[in-house]
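J.: This is the structure, below, for whatever I ask next.
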Amino acid sequence: MVRDARSLSSVALLDLRKRAVVAVNGGRSIVSVAATLGISRQAVSRWVRSMERKGEIVLVPKKKGRPKGRMLRSSQAHFVIRRIVEHLPDELNLPFYLWTRDAVKMLVKKKYGVKLSVWTMGRLLKEWGLSPQKPSRRAYERDPEKVKAWLEEEYPAIRELARQERALILWEDEMGIRSDSQVGRTYAPIGKTPVVPVTGRRFSCNMIAGITNKGKLNFMVFQETFTGTIFLIFVKRLVKQTRRKIFLIADAHPAHRAKEVKKYLAAHQKNIVLFFLPPYSPELNPSEYLNNDVKTNTIRKTRPRTQVQMASEIRKYLRSKQRTPQKVKKFFHAEKVKYAAH
């Protein structure tokens, strides 16, 4: 019976290898030595050949388990972590767009001359508290200084003014929903792509909504192209449905700056005032989370067959949100919009 040498200690394994090599060199056949020691003849043959080429040192077993030591000093590891957190690979002249194990490997090799395997790199990344994640998108045109000014100066001033005037801060956004949007994911046997039956016709529906950190939700669903005229209809509805003065916060969409909108706002400053978010900063708007929620629960969970059915599903879902203000409040719990929660 052939024994499993992997269960032996390093000392016992070294002794076994030496006995086998000595026996073969003493004139015994590899087959008889293997049978006597209870090991495979392939192992004996390999040990004898290695001994002949490199000497007795090759018989010393390698240490079991993962190699000890981090191969990078603490200061070097901190440098690599900072680069991963603060930069993308292409910003460091690496031929990658996102951070992968290969990208970090190349950074370590380029900076410190240390060559690591992809598996070792993955282990180190895990030890450093880093994991592969789906990144959020951010426009190149986004101005960090304007975002900082909004968070530290502009919005706090708006919030204080709203407190003084007892105004309602409403966060507005609009979106289009298409019938051929991504279905989502569904389980299926490995290697067999699932097929989901959908209509071959393409149609879309648009939605505009405003939410408050107290859970209030106003919305309008429409089929027309979003223009200043459509936005003004929504604004007039807000004024009619809300008894308090409204501080409406929106992005700088052209429809929000249309002439008819400006004219109406100038004439109704006692009822509503419009403020604009920093350009290219949708992540600062809590209404973005409402948009994602609506897409997930009206299109990815149900597949409408007509535009009328789509609009009906969206209205139905938004009305359910109106009846559950505690769920609307949760859109303000996301890290990027916590500043608007109070």
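Quick note on naming: the chains in the structure tokens go A, B, ... in the order shown, residues restart at 1 in each chain, and ligands are numbered from 1 in order of appearance.
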Please identify all polymer residues within 10 Å of Pro144 (chain A), counting only C-alpha atoms, omitting same-chain residues fewer than 4 positions from it, and present them as a list in words.
T.: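 Result of the neighbour search: Lys148, Ala149, Trp150, Pro278 and Ser281 of chain A.
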J.: Excluding Glu154 (chain A) and its own-chain neighbours fewer than 4 positions away, which residues fall within 12 Å of it when counting only C-alpha atoms? Please give them as an MDAnalysis selection string.
T.: chainID A and resid 146:150 158:161 249 275:278
J.: Could you write out that same residue set with N, CA and C atoms as a compact mmCIF listing (two decimals), in the first residue's frame?
T.:
```
# COMPACT_ATOMS: atom_id res chain seq x y z
N LYS A 146 -17.07 73.00 -6.45
CA LYS A 146 -18.49 73.39 -6.41
C LYS A 146 -19.28 72.44 -5.52
N VAL A 147 -18.93 71.16 -5.56
CA VAL A 147 -19.59 70.18 -4.69
C VAL A 147 -19.30 70.51 -3.23
N LYS A 148 -18.06 70.82 -2.94
CA LYS A 148 -17.67 71.17 -1.56
C LYS A 148 -18.43 72.41 -1.10
N ALA A 149 -18.53 73.41 -1.98
CA ALA A 149 -19.24 74.64 -1.62
C ALA A 149 -20.73 74.35 -1.37
N TRP A 150 -21.30 73.44 -2.17
CA TRP A 150 -22.70 73.08 -1.99
C TRP A 150 -22.92 72.41 -0.63
N ILE A 158 -29.49 77.21 2.53
CA ILE A 158 -30.85 76.93 2.08
C ILE A 158 -31.67 76.33 3.22
N ARG A 159 -31.06 75.38 3.93
CA ARG A 159 -31.76 74.73 5.05
C ARG A 159 -32.11 75.72 6.14
N GLU A 160 -31.19 76.65 6.45
CA GLU A 160 -31.45 77.65 7.48
C GLU A 160 -32.55 78.61 7.04
N LEU A 161 -32.51 79.01 5.76
CA LEU A 161 -33.54 79.91 5.24
C LEU A 161 -34.90 79.22 5.25
N ILE A 249 -35.34 71.88 -5.12
CA ILE A 249 -33.94 71.66 -5.50
C ILE A 249 -33.90 70.70 -6.68
N PHE A 275 -33.80 76.10 -6.60
CA PHE A 275 -32.35 76.07 -6.38
C PHE A 275 -31.74 74.97 -7.24
N PHE A 276 -30.48 75.16 -7.65
CA PHE A 276 -29.83 74.19 -8.52
C PHE A 276 -28.67 73.48 -7.83
N LEU A 277 -28.60 72.17 -8.03
CA LEU A 277 -27.48 71.36 -7.55
C LEU A 277 -26.23 71.69 -8.36
N PRO A 278 -25.04 71.35 -7.86
CA PRO A 278 -23.82 71.52 -8.65
C PRO A 278 -23.92 70.70 -9.94
```
J.: Skip region 9-19 of chain A itself and residues of its chain fewer than 6 positions away, then list as a ChimeraX atom specification all residues within 7 Å of it, counting only C-alpha atoms.
T.: /A:47,59-61
J.: Could those selected residues go to a file with N, CA and C atoms, as an mmCIF file, in the first residue's frame?
T.:
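Just written: out.cif:
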```cif
data_model
loop_
_atom_site.group_PDB
_atom_site.id
_atom_site.type_symbol
_atom_site.label_atom_id
_atom_site.label_comp_id
_atom_site.auth_asym_id
_atom_site.auth_seq_id
_atom_site.Cartn_x
_atom_site.Cartn_y
_atom_site.Cartn_z
ATOM 1 N N TRP A 47 12.993 11.959 -6.852
ATOM 2 C CA TRP A 47 13.973 12.347 -5.839
ATOM 3 C C TRP A 47 15.399 12.031 -6.291
ATOM 4 N N LEU A 59 16.214 17.753 -1.468
ATOM 5 C CA LEU A 59 15.407 16.791 -0.713
ATOM 6 C C LEU A 59 14.699 17.428 0.471
ATOM 7 N N VAL A 60 15.147 18.620 0.867
ATOM 8 C CA VAL A 60 14.522 19.311 2.005
ATOM 9 C C VAL A 60 13.121 19.766 1.610
ATOM 10 N N PRO A 61 12.080 19.312 2.319
ATOM 11 C CA PRO A 61 10.703 19.683 1.956
ATOM 12 C C PRO A 61 10.458 21.181 2.091
#
```
J.: Using Å and a single decimal, report how far CA of Glu174 (chain A) sits from CA of Ser204 (chain A).
T.: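 Pair CA of Ser204 (chain A) / CA of Glu174 (chain A) returns 13.5 Å.
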J.: Near Leu98 (chain A), counting only C-alpha atoms, which residues have an atom at most 10 Å away, once you skip same-chain residues fewer than 6 positions from it, shown as a PDB file with N, CA and C atoms, in the first residue's frame?
T.:
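Output saved as part.pdb:
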```pdb
ATOM      1  N   ILE A  84      -4.611  52.929  -4.539  1.00  0.00           N
ATOM      2  CA  ILE A  84      -5.838  52.270  -4.975  1.00  0.00           C
ATOM      3  C   ILE A  84      -7.062  53.106  -4.616  1.00  0.00           C
ATOM      4  N   HIS A  87      -6.692  56.904  -6.560  1.00  0.00           N
ATOM      5  CA  HIS A  87      -6.461  57.020  -7.999  1.00  0.00           C
ATOM      6  C   HIS A  87      -7.016  55.816  -8.744  1.00  0.00           C
ATOM      7  N   LEU A  88      -7.199  55.985 -10.052  1.00  0.00           N
ATOM      8  CA  LEU A  88      -7.480  54.866 -10.941  1.00  0.00           C
ATOM      9  C   LEU A  88      -6.172  54.457 -11.617  1.00  0.00           C
ATOM     10  N   PRO A  89      -6.068  53.213 -12.091  1.00  0.00           N
ATOM     11  CA  PRO A  89      -4.797  52.751 -12.667  1.00  0.00           C
ATOM     12  C   PRO A  89      -4.259  53.618 -13.795  1.00  0.00           C
ATOM     13  N   ASP A  90      -5.150  54.088 -14.705  1.00  0.00           N
ATOM     14  CA  ASP A  90      -4.662  54.876 -15.838  1.00  0.00           C
ATOM     15  C   ASP A  90      -4.090  56.224 -15.411  1.00  0.00           C
ATOM     16  N   VAL A 104      -2.856  45.777  -9.613  1.00  0.00           N
ATOM     17  CA  VAL A 104      -2.118  46.035  -8.371  1.00  0.00           C
ATOM     18  C   VAL A 104      -0.758  45.347  -8.420  1.00  0.00           C
ATOM     19  N   PRO A 132     -13.311  43.468  -4.435  1.00  0.00           N
ATOM     20  CA  PRO A 132     -13.822  43.934  -5.734  1.00  0.00           C
ATOM     21  C   PRO A 132     -15.273  44.382  -5.612  1.00  0.00           C
ATOM     22  N   PRO A 135     -18.260  49.817  -9.252  1.00  0.00           N
ATOM     23  CA  PRO A 135     -18.073  51.251  -8.986  1.00  0.00           C
ATOM     24  C   PRO A 135     -19.278  52.075  -9.424  1.00  0.00           C
TER      25      PRO A 135
END
```
J.: In Å, with one decimal, what is the gap from CA of Asn25 (chain A) to CA of Arg41 (chain A)?
T.: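 Calculated distance between CA of Asn25 (chain A) and CA of Arg41 (chain A) is 14.6 Å.
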J.: Hey, what's within 9 Å of Leu125 (chain A) if we count only C-alpha atoms and toss same-chain stuff fewer than 5 positions away? As an mmCIF file with C-alpha atoms, in the first residue's frame, please?
T.:
```
data_model
loop_
_atom_site.group_PDB
_atom_site.id
_atom_site.type_symbol
_atom_site.label_atom_id
_atom_site.label_comp_id
_atom_site.auth_asym_id
_atom_site.auth_seq_id
_atom_site.Cartn_x
_atom_site.Cartn_y
_atom_site.Cartn_z
ATOM 1 C CA ILE A 81 -3.526 51.116 -0.523
ATOM 2 C CA ARG A 101 -5.288 41.916 -9.010
ATOM 3 C CA VAL A 104 -2.118 46.035 -8.371
ATOM 4 C CA THR A 120 -0.782 36.252 -3.438
ATOM 5 C CA LEU A 130 -10.075 45.737 -0.030
ATOM 6 C CA SER A 131 -12.610 43.790 -2.094
#
```
J.: Separation of CA of Glu224 (chain A) and CA of Lys236 (chain A), in Å?
T.: 17.5 Å
J.: Mind checking DSSP for region 91-137 of chain A and telling me the alpha helix (DSSP H) residues as a VMD selection string?
T.: chain A and resid 101 to 112 118 to 127
J.: Excluding His256 (chain A) and its own-chain neighbours fewer than 6 positions away, which residues fall within 8 Å of it when counting only C-alpha atoms? Please give them as a PyMOL selection string.
T.: chain A and resi 228+231+250
J.: Considering only C-alpha atoms, can you say which of A:Gly215, A:Gly129, A:Gly113, A:Pro254 comes closest to Pro286 (chain A)?
T.: A:Gly215
J.: Using only C-alpha atoms, which residue out of A:Leu318, A:Leu37, A:Ala252, A:Ile30 lies closest to Met220 (chain A)?
T.: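 Looking only at the distances to Met220 (chain A), the closest residue turns out to be A:Leu318.
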J.: May I ask which of the residues A:Thr212, A:Ser50, A:Asn285, A:Thr229 is the closest one to Glu335 (chain A), counting only C-alpha atoms?
T.: A:Asn285
